[in-house]
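Asks: Let me give you the structure first, and then I'll get to my questions.
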Amino acid sequence: MENSFDAVVVGAGIAGLYAVHKLRARGMRVRGFESAAGVGGTWYHNRYPGARCDVESIDYSYSFDEELQQEWTWSERFAAQEEILRYLGHVADRHDLRSAYEFSTRVTAADYDDRSGRWTIRTDTARTVSARFLVLATGVLSATNLPDIPGRDSFAGELYHTGAWPHHGVEFEGKRVGVIGTGSSGIQTVPVVAETAARVTVFQRSPNYSIPARNRPLTPEYLAEVKAGYPERRRLSRISGGGTPNSPHPRGALEVDAAERTRIYDQWWERGGYLFAKAFPDQTTNLAANDTAREYVEAKIRELVHDPEIAEQLIPDDHPIGTKRIVTDSGYFEAYNRENVELVNLRRTPITEITPDGVRTEDGLHELDMLIFATGFDAMTGSLSRIDIRGRDGRTLRDEWSAGPRTYLGLAVSGFPNMFVVSGPGSPSVLANMVLTAEQHVDWIASCVDYLDEHRATTIEASEDAVAEWVATCNANAAATLFPAANSWYLGANIPGKPRVFMPYVGGLGKYRAICDEVASAGYRGFVLDDPAAEVKAMLAGLADFPDVTRHDPADLRALIRSRRAPLTRQPAMRIAEDQVIEGPGGDLALRIYAPHHEGPLPVVVFAHGGGFVFCDLDSHDEFCRAMADAVEAVVIAVDYRLAPEHPGPAAMEDVYAALVWATEHAAEYGGDPARIGVAGDSAGGNLAATVCLAARDRGGPRIAAQVLVYPVIDDDFSTESYQRYGEGYYNTETAMRWYWAQYAPNGTDSPYLVPTRAESLADLPPAVVATAEMDPLCTAGDAYAERLREAGVSATAHRFEGLFHGFLTIPALSLTEPAREKLWQMMRDLLA
Ligand SMILES: Cc1cc2nc3c(=O)[nH]c(=O)nc-3n(C[C@H](O)[C@H](O)[C@H](O)COP(=O)(O)OP(=O)(O)OC[C@H]3O[C@@H](n4cnc5c(N)ncnc54)[C@H](O)[C@@H]3O)c2cc1C
């Protein structure tokens, strides 16, 4: 199974699905992980009776796919869970998104490696994968909250949580059902259960404001009108505060007279749903204005509930209306007019324990057959804190956020490069239509990745200053409203011990979008991008003291280079790493065979190291070969070919040829597949890989499945553009190349087995990958060789590593090496598949 990706997306809800789609459309290799068995996120998990959206379906749906929004037909104003889940399944199929996911797989940990600039992601299925980007679309309301009530697990009846509702049908008929919690889920559940249950006992600690949904079927005429006007509807939604095209009255609640106020409240009451919170613009900022809305709704509750004593208990007395999300219900208050619905006010008679038979409160035992926890979620941060996320220097997200979440724009966290949170704390998220907020975040992330690539940057990270400033902005915005007055899950108040920080950005989606766009157009202000050019320059400066090869005796040169080499790490670990001596054309020929820990049969790569034909050996490329074997999932056979000038060409090529023949006979012993043997080499080794392909073709075998030429020495033409530009000062020099050729081909370079471009024809050669580095004198010739191969009808992929120099792929200390290797490994995997 593949284990190296450009991006890992966690979550297959609305946000994760779109992230996978968007990033794949950029040509990125994306892997998704989802703990559930299917797509849908919220709508996969929340199957409780009465579960519906509270933003109208025509708005609570993707806007990125115009055809989809024209084709899809919503049946109701507020679609039920089943329909939304079907819609998300349809989107997943339409864009082939399921194929990117591993389902029933929970991400347990994610570690950032500073050196490679990549994330390592671990799952509860023992999968370990790596990715350049980590996109956390884990949901704001997905980590269920099950209160720790004494005796909870002793209950002998059926026990459910609305946020993790079972997939099998749940029957209420004739049963005594208890519902703990009167937030959105509880309020939606109660009336539906009451229809068939023998009795419903509602355990209420905090009453909530709720407005009738006035749900209704959508007529074809209405839908046709909406669809014709979708572009404008979406435009208005995107610039609005809440992500829908609705806007409040132009004047404040106290700026109009009482009659006008009532007329407006009547209108919004009749429209139905939580949008009532938006009747007047000052409802959540001015307490006196809020009081008018609150009193209006409280009067309505008193009208709806026949028993005045129960009505009073159902009216909140601890928060201004709208500072907790107003619930959108279908017959909630009316349910209390039924004989079979009972309210237990936990403020008066708290729960003391749960017993096998039911829930005991201070005034006695409420016997139950079924207990439903409608106790909501560890909102906004819960799904993130349940993953062990470690950023730069091993800093954990849990520690960083121990006093409350700290993000820049709700998207990024200082110390956690290339990690994006979709709908994270510090973004509008739950205060707006979350389909549009997710689209906005994902679009921004994709543009950010474009920007990084255009600027050849590999990492992006929020600066600590930008985070501090954004947190202060969010706090100041929230403090200017009535929101902090409520003990809401926006503040984490429903989770014991959770720091009280108002988590969403209250400034509205439109304003937030403008801020994000402005940050991007200012070159990602507040973010730190790595500057690969600076690192490359520093590395080149360090390499400037590489010995002048022309001044040394070859034996001394080899010893000198060996003495400067870092000690062998023998990493990554292999299933087999074995030295072999075979009969070569010049006597004993040493090979080193690497077999990784992967199920075979695996492709085989016969590898020739670089070193100007004059130096380097099996140890010099040990780490590179191991990394290749591990990532390409191939058996690698490295060849210790004879070196020049003692053994001029084509002795080295003949040794590689002998190793190739040996591989066809022995690869299977190491788990290799003899039908998939490729040759590869870097620099001079690239020349040997190319020439061995010519020899094998001309000699009638062995059959080679692929040739991988990494900044190969392909020609001795020193007049090319890259020699002109990068001939001196970029590690590999024209002077050195002239000297290498003189050692390897002292008698001239006419033979195609020395210089592959001398071949009359390149037809019938194996498919090729030619990887070159921009700042390498060999670059032009490498690119031209790929072109010639294609002209000869050979499938050849050329990839130029921009801004990099000859030999960099064997320098793991360079941070760009790891991502570049990833690219090379991917091309090799594709070629050898
Ligand atoms: C009952 C209900 C009704 C709602 N109605 C509305 C509405 O009308 N309008 C609105 O705007 N919002 C509504 N919301 C909010 C809703 O959560 C969002 O609209 C939206 O569904 C969030 O999508 P998401 O992809 O961000 O997260 P989710 O849909 O929550 O998806 C996150 C996914 O990540 C997975 N996951 C989490 N952690 C891991 C892990 N470690 N490893 C693997 N997978 C993981 C979860 O299993 C989940 O499937 C509602 C929420 C609920 C609970």
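Simple scheme: letters A, B, ... for chains in structure tokens order, numbers from 1 for residues in each chain, numbers from 1 for ligands in the order shown.
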Would you name the residues within 6 Å of ligand 1, counting only C-alpha atoms and all ligand atoms, and put them as JSON, numbers by chain?

Replies: {"A": [10, 11, 12, 13, 14, 15, 16, 33, 34, 35, 36, 41, 42, 46, 51, 52, 53, 54, 55, 105, 106, 107, 108, 137, 138, 139, 140, 141, 142, 185, 383, 387, 432, 433, 434]}

Asks: Can those selected residues be exported to a file as a PDB file, in the first residue's frame so that it contains C-alpha atoms?

Replies:
ATOM      1  CA  VAL A  10      -8.387  13.734   8.068  1.00  0.00           C
ATOM      2  CA  GLY A  11     -12.168  13.485   7.937  1.00  0.00           C
ATOM      3  CA  ALA A  12     -14.697  12.682   5.226  1.00  0.00           C
ATOM      4  CA  GLY A  13     -17.350  15.215   6.161  1.00  0.00           C
ATOM      5  CA  ILE A  14     -18.324  18.207   4.086  1.00  0.00           C
ATOM      6  CA  ALA A  15     -14.925  19.822   4.588  1.00  0.00           C
ATOM      7  CA  GLY A  16     -12.736  16.750   4.096  1.00  0.00           C
ATOM      8  CA  PHE A  33      -8.543   8.952   6.649  1.00  0.00           C
ATOM      9  CA  GLU A  34     -11.959   8.642   8.220  1.00  0.00           C
ATOM     10  CA  SER A  35     -12.801   6.848  11.438  1.00  0.00           C
ATOM     11  CA  ALA A  36     -16.331   6.115  10.244  1.00  0.00           C
ATOM     12  CA  GLY A  41     -19.077  13.240   8.771  1.00  0.00           C
ATOM     13  CA  THR A  42     -21.766  14.870  10.928  1.00  0.00           C
ATOM     14  CA  ASN A  46     -25.995  11.939  13.697  1.00  0.00           C
ATOM     15  CA  ALA A  51     -31.951  15.152  12.811  1.00  0.00           C
ATOM     16  CA  ARG A  52     -32.060  17.931  10.229  1.00  0.00           C
ATOM     17  CA  CYS A  53     -30.026  20.859   9.096  1.00  0.00           C
ATOM     18  CA  ASP A  54     -31.055  24.272  10.357  1.00  0.00           C
ATOM     19  CA  VAL A  55     -29.605  26.212   7.445  1.00  0.00           C
ATOM     20  CA  THR A 105      -9.357   4.290  10.201  1.00  0.00           C
ATOM     21  CA  ARG A 106      -8.775   6.769  12.980  1.00  0.00           C
ATOM     22  CA  VAL A 107      -5.747   9.029  12.894  1.00  0.00           C
ATOM     23  CA  THR A 108      -4.141   8.738  16.301  1.00  0.00           C
ATOM     24  CA  ALA A 137     -11.044  18.411   8.559  1.00  0.00           C
ATOM     25  CA  THR A 138     -11.984  16.602  11.733  1.00  0.00           C
ATOM     26  CA  GLY A 139     -15.151  18.566  12.404  1.00  0.00           C
ATOM     27  CA  VAL A 140     -16.235  21.067  15.007  1.00  0.00           C
ATOM     28  CA  LEU A 141     -19.086  18.929  16.265  1.00  0.00           C
ATOM     29  CA  SER A 142     -17.776  15.415  15.890  1.00  0.00           C
ATOM     30  CA  SER A 185     -30.157  17.317  19.255  1.00  0.00           C
ATOM     31  CA  SER A 383     -11.602  16.126  17.593  1.00  0.00           C
ATOM     32  CA  ILE A 387      -5.106  13.248  18.082  1.00  0.00           C
ATOM     33  CA  ALA A 432     -22.126  30.554   9.627  1.00  0.00           C
ATOM     34  CA  ASN A 433     -23.297  28.123   6.972  1.00  0.00           C
ATOM     35  CA  MET A 434     -20.595  25.541   7.349  1.00  0.00           C
TER      36      MET A 434
END

Asks: Could you name the residues that touch range 769-785 of chain A at 7 Å or less, counting only C-alpha atoms, but leaving out those on the same chain fewer than 4 positions away, as a PDB file with N, CA and C atoms, in the first residue's frame?

Replies:
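Written file, result.pdb:
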ATOM      1  N   GLN A 707      14.151   2.574 -17.075  1.00  0.00           N
ATOM      2  CA  GLN A 707      15.461   3.193 -16.815  1.00  0.00           C
ATOM      3  C   GLN A 707      15.226   4.520 -16.099  1.00  0.00           C
ATOM      4  N   VAL A 708      15.958   4.704 -15.022  1.00  0.00           N
ATOM      5  CA  VAL A 708      15.787   5.912 -14.215  1.00  0.00           C
ATOM      6  C   VAL A 708      17.129   6.641 -14.190  1.00  0.00           C
ATOM      7  N   LEU A 709      17.171   7.761 -14.868  1.00  0.00           N
ATOM      8  CA  LEU A 709      18.440   8.483 -15.038  1.00  0.00           C
ATOM      9  C   LEU A 709      18.365   9.764 -14.228  1.00  0.00           C
ATOM     10  N   VAL A 710      19.155   9.808 -13.166  1.00  0.00           N
ATOM     11  CA  VAL A 710      19.081  10.940 -12.245  1.00  0.00           C
ATOM     12  C   VAL A 710      20.257  11.866 -12.523  1.00  0.00           C
ATOM     13  N   TYR A 711      19.980  13.090 -12.877  1.00  0.00           N
ATOM     14  CA  TYR A 711      20.971  14.046 -13.422  1.00  0.00           C
ATOM     15  C   TYR A 711      22.140  13.288 -14.073  1.00  0.00           C
ATOM     16  N   PRO A 712      21.821  12.577 -15.162  1.00  0.00           N
ATOM     17  CA  PRO A 712      22.829  11.680 -15.740  1.00  0.00           C
ATOM     18  C   PRO A 712      23.934  12.417 -16.510  1.00  0.00           C
ATOM     19  N   VAL A 713      25.090  11.801 -16.533  1.00  0.00           N
ATOM     20  CA  VAL A 713      26.185  12.242 -17.409  1.00  0.00           C
ATOM     21  C   VAL A 713      25.869  11.614 -18.762  1.00  0.00           C
ATOM     22  N   ILE A 714      25.292  12.402 -19.658  1.00  0.00           N
ATOM     23  CA  ILE A 714      24.701  11.788 -20.841  1.00  0.00           C
ATOM     24  C   ILE A 714      25.476  12.126 -22.104  1.00  0.00           C
ATOM     25  N   ASP A 715      26.300  13.176 -22.016  1.00  0.00           N
ATOM     26  CA  ASP A 715      26.976  13.653 -23.216  1.00  0.00           C
ATOM     27  C   ASP A 715      28.252  14.381 -22.802  1.00  0.00           C
ATOM     28  N   THR A 720      26.567  23.313 -24.065  1.00  0.00           N
ATOM     29  CA  THR A 720      25.124  23.445 -23.825  1.00  0.00           C
ATOM     30  C   THR A 720      24.810  24.659 -22.946  1.00  0.00           C
ATOM     31  N   GLU A 721      23.535  24.997 -22.961  1.00  0.00           N
ATOM     32  CA  GLU A 721      23.092  26.165 -22.196  1.00  0.00           C
ATOM     33  C   GLU A 721      23.431  25.999 -20.710  1.00  0.00           C
ATOM     34  N   SER A 722      23.199  24.797 -20.181  1.00  0.00           N
ATOM     35  CA  SER A 722      23.438  24.636 -18.737  1.00  0.00           C
ATOM     36  C   SER A 722      24.928  24.670 -18.402  1.00  0.00           C
ATOM     37  N   TYR A 723      25.780  24.191 -19.334  1.00  0.00           N
ATOM     38  CA  TYR A 723      27.226  24.339 -19.075  1.00  0.00           C
ATOM     39  C   TYR A 723      27.598  25.821 -19.057  1.00  0.00           C
ATOM     40  N   TYR A 726      25.805  27.210 -15.662  1.00  0.00           N
ATOM     41  CA  TYR A 726      26.110  26.640 -14.343  1.00  0.00           C
ATOM     42  C   TYR A 726      27.439  25.871 -14.333  1.00  0.00           C
ATOM     43  N   GLY A 727      28.289  26.168 -15.307  1.00  0.00           N
ATOM     44  CA  GLY A 727      29.551  25.420 -15.460  1.00  0.00           C
ATOM     45  C   GLY A 727      30.514  25.602 -14.306  1.00  0.00           C
ATOM     46  N   TYR A 730      28.660  25.765  -9.049  1.00  0.00           N
ATOM     47  CA  TYR A 730      27.468  25.018  -8.632  1.00  0.00           C
ATOM     48  C   TYR A 730      27.827  23.573  -8.313  1.00  0.00           C
ATOM     49  N   ASN A 732      29.128  20.783  -9.184  1.00  0.00           N
ATOM     50  CA  ASN A 732      29.681  20.019 -10.297  1.00  0.00           C
ATOM     51  C   ASN A 732      30.122  21.023 -11.355  1.00  0.00           C
ATOM     52  N   THR A 733      31.387  20.932 -11.771  1.00  0.00           N
ATOM     53  CA  THR A 733      31.893  21.983 -12.666  1.00  0.00           C
ATOM     54  C   THR A 733      32.284  21.416 -14.028  1.00  0.00           C
ATOM     55  N   LEU A 789      14.493  10.408 -26.578  1.00  0.00           N
ATOM     56  CA  LEU A 789      13.831   9.118 -26.310  1.00  0.00           C
ATOM     57  C   LEU A 789      12.385   9.171 -26.783  1.00  0.00           C
ATOM     58  N   ALA A 796       9.018   8.558 -22.089  1.00  0.00           N
ATOM     59  CA  ALA A 796      10.041   9.164 -21.220  1.00  0.00           C
ATOM     60  C   ALA A 796       9.462  10.367 -20.480  1.00  0.00           C
ATOM     61  N   THR A 797       9.556  10.331 -19.156  1.00  0.00           N
ATOM     62  CA  THR A 797       9.102  11.454 -18.340  1.00  0.00           C
ATOM     63  C   THR A 797      10.329  12.244 -17.914  1.00  0.00           C
ATOM     64  N   ALA A 798      10.328  13.530 -18.219  1.00  0.00           N
ATOM     65  CA  ALA A 798      11.444  14.358 -17.760  1.00  0.00           C
ATOM     66  C   ALA A 798      10.950  15.206 -16.609  1.00  0.00           C
ATOM     67  N   HIS A 799      11.720  15.259 -15.549  1.00  0.00           N
ATOM     68  CA  HIS A 799      11.356  16.162 -14.451  1.00  0.00           C
ATOM     69  C   HIS A 799      12.578  16.968 -14.054  1.00  0.00           C
ATOM     70  N   ARG A 800      12.399  18.271 -14.050  1.00  0.00           N
ATOM     71  CA  ARG A 800      13.529  19.130 -13.687  1.00  0.00           C
ATOM     72  C   ARG A 800      13.294  19.659 -12.273  1.00  0.00           C
ATOM     73  N   PHE A 801      14.235  19.423 -11.384  1.00  0.00           N
ATOM     74  CA  PHE A 801      14.141  19.974 -10.029  1.00  0.00           C
ATOM     75  C   PHE A 801      14.667  21.405 -10.066  1.00  0.00           C
ATOM     76  N   GLU A 802      13.727  22.323  -9.989  1.00  0.00           N
ATOM     77  CA  GLU A 802      14.081  23.731 -10.142  1.00  0.00           C
ATOM     78  C   GLU A 802      14.858  24.225  -8.919  1.00  0.00           C
ATOM     79  N   GLY A 803      15.805  25.093  -9.183  1.00  0.00           N
ATOM     80  CA  GLY A 803      16.527  25.750  -8.088  1.00  0.00           C
ATOM     81  C   GLY A 803      17.468  24.827  -7.336  1.00  0.00           C
ATOM     82  N   LEU A 804      17.775  23.668  -7.919  1.00  0.00           N
ATOM     83  CA  LEU A 804      18.638  22.706  -7.213  1.00  0.00           C
ATOM     84  C   LEU A 804      19.838  22.329  -8.063  1.00  0.00           C
ATOM     85  N   PHE A 805      20.813  21.744  -7.402  1.00  0.00           N
ATOM     86  CA  PHE A 805      22.113  21.544  -8.056  1.00  0.00           C
ATOM     87  C   PHE A 805      22.438  20.057  -8.156  1.00  0.00           C
ATOM     88  N   HIS A 806      23.450  19.753  -8.937  1.00  0.00           N
ATOM     89  CA  HIS A 806      23.860  18.373  -9.173  1.00  0.00           C
ATOM     90  C   HIS A 806      24.155  17.659  -7.850  1.00  0.00           C
TER      91      HIS A 806
END

Asks: Can you pull out the residues contacting Cys616 in chain A? Cut-off 9 Å, using only C-alpha atoms, and skip same-chain residues under 6 positions away; I want them as an MDAnalysis selection string.

Replies: chainID A and resid 558 561:562 609:610 640 643

Asks: Next, dump the selected residues to file, keeping only C-alpha atoms, as a short mmCIF file (atom, residue, chain, number, x, y, z; two decimals), in the first residue's frame.

Replies:
data_model
loop_
_atom_site.label_atom_id
_atom_site.label_comp_id
_atom_site.auth_asym_id
_atom_site.auth_seq_id
_atom_site.Cartn_x
_atom_site.Cartn_y
_atom_site.Cartn_z
CA ARG A 558 38.81 8.29 -3.05
CA ILE A 561 36.27 11.71 -0.03
CA ARG A 562 35.70 8.63 2.11
CA HIS A 609 26.10 5.05 -8.02
CA GLY A 610 27.49 8.37 -9.18
CA ASP A 640 30.24 -1.81 -6.93
CA LEU A 643 36.31 2.61 -11.39
#

Asks: As a PyMOL selection string, list the residues of range 521-754 of chain A assigned to strand (DSSP E) by DSSP on the backbone atoms of this structure.

Replies: chain A and resi 527-529+576-584+587-595+602-608+635-640+672-682+706-710

Asks: For the selection just defined, write its residues with C-alpha atoms to a file, as a compact mmCIF listing (two decimals), in the first residue's frame.

Replies:
# COMPACT_ATOMS: atom_id res chain seq x y z
CA PHE A 527 3.10 33.50 7.77
CA VAL A 528 6.71 32.43 7.52
CA LEU A 529 7.70 30.66 4.31
CA ILE A 576 17.49 -7.81 3.93
CA ALA A 577 20.66 -5.75 3.43
CA GLU A 578 23.23 -8.19 2.19
CA ASP A 579 26.58 -7.97 0.45
CA GLN A 580 27.12 -10.48 -2.34
CA VAL A 581 30.09 -11.17 -4.56
CA ILE A 582 29.34 -12.44 -8.03
CA GLU A 583 31.44 -13.39 -11.01
CA GLY A 584 31.85 -10.19 -13.04
CA GLY A 587 36.64 -10.89 -11.71
CA ASP A 588 34.83 -10.54 -8.37
CA LEU A 589 32.01 -8.01 -8.51
CA ALA A 590 30.47 -6.80 -5.24
CA LEU A 591 26.76 -6.14 -4.98
CA ARG A 592 24.66 -4.92 -2.09
CA ILE A 593 21.10 -6.14 -2.09
CA TYR A 594 18.37 -4.30 -0.21
CA ALA A 595 14.94 -5.84 0.33
CA LEU A 602 8.49 -6.40 -5.65
CA PRO A 603 10.02 -4.63 -8.63
CA VAL A 604 13.80 -4.71 -8.80
CA VAL A 605 16.17 -1.79 -9.38
CA VAL A 606 19.76 -2.42 -10.42
CA PHE A 607 21.48 0.71 -9.22
CA ALA A 608 24.72 2.35 -10.31
CA VAL A 635 14.45 -4.71 -4.19
CA VAL A 636 17.52 -2.59 -4.92
CA ILE A 637 20.73 -4.18 -6.13
CA ALA A 638 23.61 -1.71 -5.90
CA VAL A 639 26.66 -2.45 -8.03
CA ASP A 640 30.24 -1.81 -6.93
CA GLY A 672 11.94 -9.46 -6.39
CA ASP A 673 9.87 -9.89 -9.52
CA PRO A 674 12.18 -10.91 -12.42
CA ALA A 675 9.65 -9.54 -14.89
CA ARG A 676 10.00 -6.02 -13.46
CA ILE A 677 13.69 -5.21 -13.38
CA GLY A 678 14.68 -1.62 -13.93
CA VAL A 679 18.05 0.09 -13.98
CA ALA A 680 18.82 3.36 -12.25
CA GLY A 681 21.77 5.55 -11.52
CA ASP A 682 22.69 9.05 -10.52
CA ALA A 706 12.47 0.85 -16.81
CA GLN A 707 15.46 3.19 -16.81
CA VAL A 708 15.79 5.91 -14.22
CA LEU A 709 18.44 8.48 -15.04
CA VAL A 710 19.08 10.94 -12.25

Asks: If we count only C-alpha atoms, what is near range 351-367 of chain A at a cut-off of 12 Å, once residues fewer than 4 positions away on the same chain are taken out, given as a PyMOL selection string?

Replies: chain A and resi 147-159+175-180+199-205+342-347+371-373
